[in-house]
Structures are given as structure tokens and as C-alpha cells.
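Colleague: Shown below is the structure under consideration.
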Amino acid sequence: ISGSSSVASMKKVVQQLQLEAGLNSVKVSQAAADLKQFSLQNAQHDPLLTGVSSSTNPFRPQKVCSFL
Amino acid sequence: MCDQTFLANVFGSCDKCFKQRALRPVFKKSQQLSYCSTCAEIMATEALHENETLASLKSEAENLKGKLEEERAKLHDVELHQVAERVEALGQFVMKTRRTLKGHGNKVLCMDWCKDKRRIVSSSQDGKVIVWDSFTTNKEHAVTMPCTWVMACAYAPSGCAIACGGLDNKCSVYPLTFDKNENMAAKKKSVAMHTNYLSACSFTNSDMQILTASGDGTCALWDVESGQLLQSFHGHGADVLCLDLAPSETGNTFVSGGCDKKAMVWDMRSGQCVQAFETHESDINSVRYYPSGDAFASGSDDATCRLYDLRADREVAIYSKESIIFGASSVDFSLSGRLLFAGYNDYTINVWDVLKGSRVSILFGHENRVSTLRVSPDGTAFCSGSWDHTLRVWA
């Protein structure tokens, strides 16, 4: 049947939408608060954010040691 | 001269019931068949019923879409940047190129860090795949692929192998050997087979499985040892350009982005798409999970990057500026998720404050499109690859 494939694919679309409609979503205010909290809690462990010193970051230029 | 049209009375075996009847031409999927009058009538009625079913399915789909939009709108009570209003603004960032990796003969298309936080694998248009020590900028391994445009490469979690592929439609794994006498190409193992180019690949949390994305519109999970297809993921309506695995604590899901402007989240075990997002206005070139696993960012040819929260099931932020008109090719988060680094086709890298939605820095250096960008595993630096043939490590 010429159109059966489009009926079959349409069925899949409907099934997928039913699946998505069944999700229990959270309010943006809650989700956003969680994202914010995660970032703030981990901020001190984020080298690119805090900008670690040359001695701890292997890529930053080392200060030259001079022998006294 | 006689100009008459004849109704050709063909007599023969009906293509449907095979009975000997007077036949008439019938078109099925632009193919011409010969049906007897009974079968032709049946076909006409079935087509009618089908149209009814198709119409009812379409209206059901529309209803569901409407419902989803309604539900999503109800939950949209605030914007992310509003929630982040009281958060302290970020200061000035001093990020410079600390290392430049030169050696590729053509556009760098992809790169990945090794878990040891220093080695990098990169692949280029000229078919070369190189493993570098980013501290010293030395090349440790190099292999030439049998195809050009090696669009995907990945480092195995153990650090003992790399995977790559591109226009050859395959993903191959090369064990890294330190034996000078061994030819790396000799131990090559073909793992994945797609019917179009390989756009992205990633090992799962072991060396044993690889996830691939392809121009054939599918993603697939493979067993490295046997080359067996473990699961395939169908749903994208066009080429899949990128994928990212959820951080291991969050379970077996991954996100993919494609030329159909959709970002889709998949359950690796069932092959099912669990969530889909379609707000971008053009191809999605890059997707990356937020470190907590509850959200992911995307970079697109529509010159924006966006943040989608999985629990709110919607887009929660757009990172864009009127002055940015070129596509974002690659995105990655800093360790805490506060910063989003994005490489663009206008040769720059923009650094975004994920929470506030503002740009905090713009990095210049590359002399052509930035095609790939990854933050190192310990977050001390990030590496960008470009069409200018080089890779740069920034810190």
C-alpha cells in the first residue's frame, strides 16, 4: 500500500509525543535554582573560573627559578 | 492522417491477484503496475481509508503537541538569568594561548583530551590523526587515514587507544603503541559502519564500547571487540552532527544534535528518544552536558548557543549577541558549569557566563574558523582546533 509507510511513521510520531507528554517536568524556577546552586558550589574547584596561579597550572608559564 | 487515441486493452496477469484479466495502468509510489479492475477498485478504497487514518493521526499529533506546549508554558515561570540576578558578576578574565600545536597540513576538524589531562588527539581534513603531548607540544603518534575529512576522533578512557573516522563512513580504533617498530595503522580495527559520513564518536565509560553519530541520520552504539552493533538510535530527520554522553553519575543517556535543528536525548539501553528540543533555527553543530548532567548546551549555525534543562524539559537560556552573526561550531563548559566556551566560524572564541547569559570574554588568535573545542579533564585549560591548521591550548 503506497501510503502505509507514512501512516506507520505518523504512528511513531504520535507514540513519541505521548511519551514526551507523560514526562513530569519541573518548574523553571526550581531547575534554574539547582543549576545556579551547582555552579556556585563548585566555583572554587574551577581553575578556569578562579584563575589558578602559574605554580599550579601546568600550562601557565613558570616563573624562572634563580639559584642564590 | 489519423489522430486517434486508443485505449490499449492489455490482457494479462494482474500484478496483485495474478489472475488473467483486462488490465489498466495503476501508479504505486511512482512505479507503474498493471491491475485488473477489481484490484484497482480495492486499491482506491484502501487509499481512501488510509487517508482517513493518516488525517486522524495527524490531528492527534497536533493535539499532543498543543498539550505539550501548554504544559511547558505553565512551568515557564521565570528565566534563568532572573534567578541569577543576585549572583556576583564575574571579573575580568585573562586567558591566553599557552601552547600552539602545529603539524597538521590542513583544517583541524576534531580533537579530544586524554584522561591524563595532557595528551590530545586531533584529526584533520588531510586524513592525518595526531596524538600530542600538550605540555611539550611534541607529537607522540601520527597515523594517516585512508580517507580525507576525518571529522571525528576520540581518546579511549584508558589512554591506550584512539578512535576516528569521517568520509570513510566508519569509526576505527587504533591501539596506541610505543614500540617504534610497530606501524600504528597495522593494528587498526574497524568498529562502526554507517551509510554516510561519521560526524562524531565517543567511547562510553570503558574502552569496550563506542557511540557514533553519522550523516546517515542515526547514532549507534558498538562493541569494540566484535564490531557488533549493540543499539541504534533513529529519530533525527537529517544528518546527526554531534553527540555527548551524560556524566556517568546520571545514568545511561546521551544527547545528539543534527541538521534537523533538533537536539535529542536518548536512553542508551532501549534506543528510545526520551526528550527532544527544537528551538534552534539552524543546524546544531555541538552539544555538551552541563557538569551536573541536568542540562546541556548546544552551539548552532544560527549564531546562538542555548542551554536546555532536562528536568524543566525546555530551553532556559540563549547566549547570543546582535554582533555575533557566524555559527557556533563547538561548545564546552568549565568544570563548575559557570562558563561556556564557544568556538565560532568568525575565528573567535566567546566565553559566556552561563547563569547570567552575558558574554564575559572574547578570545582572538585563530586565523580561520574554530572547528572544535574541549576543556581539559581537570579544567585547567581548554583546547581549540581550527581550519587554520593549528590547535591552541588556552589557560
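Ordering of the C-alpha cells sets the chain letters (A, B, ...); residue numbers start at 1 within each chain; ligands are numbered from 1 in the order shown.
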Fewer than 3 positions away in the same chain doesn't count, so skip those; otherwise give me all residues within 10 Å of stretch 253-262 of chain B, counting only C-alpha atoms, as an MDAnalysis selection string.
Modeller: chainID B and resid 199:200 204 211:215 217:219 233 235:248 250 265:269 271:289 293 296:302
Colleague: For chain A, list the residues within 6 Å of chain B, counting only C-alpha atoms, and write the list as a list of chain:residue names.
Modeller: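 Listing them in order of chain and number gives A:Ser2, A:Val7, A:Val14, A:Ala21, A:Ser25, A:Val26, A:Lys27, A:Val28, A:Ser29, A:Ala32, A:Ser39, A:Asn42, A:Ala43, A:Asp46, A:Pro47, A:Leu48.
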Colleague: What would the file look like if the residues just selected were written as a PDB file, in the first residue's frame with N, CA, C and O atoms?
Modeller:
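Done, and the output landed in result08.pdb:
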```
ATOM      1  N   SER A   2       0.670   2.115  -0.937  1.00  0.00           N
ATOM      2  CA  SER A   2       1.577   3.241  -1.143  1.00  0.00           C
ATOM      3  C   SER A   2       1.724   4.097   0.100  1.00  0.00           C
ATOM      4  O   SER A   2       2.814   4.527   0.412  1.00  0.00           O
ATOM      5  N   VAL A   7       1.724   6.303   7.194  1.00  0.00           N
ATOM      6  CA  VAL A   7       0.843   6.027   8.346  1.00  0.00           C
ATOM      7  C   VAL A   7       1.698   5.489   9.479  1.00  0.00           C
ATOM      8  O   VAL A   7       1.584   5.907  10.628  1.00  0.00           O
ATOM      9  N   VAL A  14       3.240  10.053  16.836  1.00  0.00           N
ATOM     10  CA  VAL A  14       2.210  10.146  17.892  1.00  0.00           C
ATOM     11  C   VAL A  14       2.690   9.441  19.161  1.00  0.00           C
ATOM     12  O   VAL A  14       2.570   9.972  20.262  1.00  0.00           O
ATOM     13  N   ALA A  21       4.671  13.642  26.492  1.00  0.00           N
ATOM     14  CA  ALA A  21       3.589  14.278  27.258  1.00  0.00           C
ATOM     15  C   ALA A  21       3.515  13.673  28.656  1.00  0.00           C
ATOM     16  O   ALA A  21       3.039  14.308  29.592  1.00  0.00           O
ATOM     17  N   SER A  25       7.569  17.256  34.421  1.00  0.00           N
ATOM     18  CA  SER A  25       8.608  18.274  34.399  1.00  0.00           C
ATOM     19  C   SER A  25       8.579  19.146  35.628  1.00  0.00           C
ATOM     20  O   SER A  25       7.575  19.238  36.322  1.00  0.00           O
ATOM     21  N   VAL A  26       9.681  19.797  35.830  1.00  0.00           N
ATOM     22  CA  VAL A  26       9.879  20.644  37.000  1.00  0.00           C
ATOM     23  C   VAL A  26       9.747  22.104  36.565  1.00  0.00           C
ATOM     24  O   VAL A  26       9.969  22.421  35.402  1.00  0.00           O
ATOM     25  N   LYS A  27       9.383  22.981  37.469  1.00  0.00           N
ATOM     26  CA  LYS A  27       9.269  24.401  37.109  1.00  0.00           C
ATOM     27  C   LYS A  27      10.641  24.962  36.806  1.00  0.00           C
ATOM     28  O   LYS A  27      11.627  24.582  37.450  1.00  0.00           O
ATOM     29  N   VAL A  28      10.705  25.921  35.901  1.00  0.00           N
ATOM     30  CA  VAL A  28      11.983  26.522  35.527  1.00  0.00           C
ATOM     31  C   VAL A  28      12.649  27.151  36.742  1.00  0.00           C
ATOM     32  O   VAL A  28      13.860  27.062  36.911  1.00  0.00           O
ATOM     33  N   SER A  29      11.839  27.766  37.608  1.00  0.00           N
ATOM     34  CA  SER A  29      12.425  28.421  38.787  1.00  0.00           C
ATOM     35  C   SER A  29      13.198  27.413  39.626  1.00  0.00           C
ATOM     36  O   SER A  29      14.285  27.701  40.120  1.00  0.00           O
ATOM     37  N   ALA A  32      16.305  26.142  37.462  1.00  0.00           N
ATOM     38  CA  ALA A  32      17.318  27.198  37.377  1.00  0.00           C
ATOM     39  C   ALA A  32      18.040  27.353  38.710  1.00  0.00           C
ATOM     40  O   ALA A  32      19.261  27.544  38.752  1.00  0.00           O
ATOM     41  N   SER A  39      26.668  25.426  40.178  1.00  0.00           N
ATOM     42  CA  SER A  39      27.789  26.258  39.715  1.00  0.00           C
ATOM     43  C   SER A  39      28.471  26.960  40.870  1.00  0.00           C
ATOM     44  O   SER A  39      29.697  27.013  40.956  1.00  0.00           O
ATOM     45  N   ASN A  42      30.522  24.607  43.146  1.00  0.00           N
ATOM     46  CA  ASN A  42      31.741  24.079  42.545  1.00  0.00           C
ATOM     47  C   ASN A  42      32.695  25.148  42.031  1.00  0.00           C
ATOM     48  O   ASN A  42      33.733  24.832  41.466  1.00  0.00           O
ATOM     49  N   ALA A  43      32.314  26.402  42.210  1.00  0.00           N
ATOM     50  CA  ALA A  43      33.110  27.503  41.663  1.00  0.00           C
ATOM     51  C   ALA A  43      34.564  27.479  42.111  1.00  0.00           C
ATOM     52  O   ALA A  43      35.481  27.697  41.312  1.00  0.00           O
ATOM     53  N   ASP A  46      36.979  25.293  40.163  1.00  0.00           N
ATOM     54  CA  ASP A  46      37.014  25.502  38.716  1.00  0.00           C
ATOM     55  C   ASP A  46      38.208  26.371  38.354  1.00  0.00           C
ATOM     56  O   ASP A  46      38.162  27.588  38.491  1.00  0.00           O
ATOM     57  N   PRO A  47      39.318  25.758  37.915  1.00  0.00           N
ATOM     58  CA  PRO A  47      40.552  26.522  37.645  1.00  0.00           C
ATOM     59  C   PRO A  47      40.383  27.639  36.616  1.00  0.00           C
ATOM     60  O   PRO A  47      40.963  28.699  36.754  1.00  0.00           O
ATOM     61  N   LEU A  48      39.596  27.381  35.571  1.00  0.00           N
ATOM     62  CA  LEU A  48      39.454  28.412  34.544  1.00  0.00           C
ATOM     63  C   LEU A  48      38.632  29.581  35.072  1.00  0.00           C
ATOM     64  O   LEU A  48      38.784  30.711  34.617  1.00  0.00           O
TER      65      LEU A  48
END
```
Colleague: Please identify the helix (DSSP H, G or I) residues within stretch 105-282 of chain B (assignment by DSSP from backbone atoms) and present them as a PyMOL selection string.
Modeller: chain B and resi 184-187+248-250
Colleague: Using only C-alpha atoms, which residue out of B:Met264, B:Thr177, B:Pro25, B:Asn183 lies closest to A:Gln16?
Modeller: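 Checking each of B:Met264, B:Thr177, B:Pro25, B:Asn183 against A:Gln16, counting only C-alpha atoms, the winner is B:Met264.
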Colleague: So, counting only C-alpha atoms, which residue among B:Lys321, B:Ile162, B:His234, B:Ser270 is closest to A:Lys12?
Modeller: B:His234
Colleague: Give me, please, the distance in Å between atom CA of A:Gln41 and atom CA of B:Ala263, quoted to one decimal.
Modeller: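 The value is 28.0 Å.
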Colleague: Stretch 173-386 of chain B: which residues are strand (DSSP E or B) by DSSP, as a PyMOL selection string?
Modeller: chain B and resi 173-175+189-193+198-203+209-214+218-223+229-234+240-245+253-258+263-267+273-277+284-289+295-300+305-309+314-319+328-333+339-344+349-353+359-363+370-375+382-386
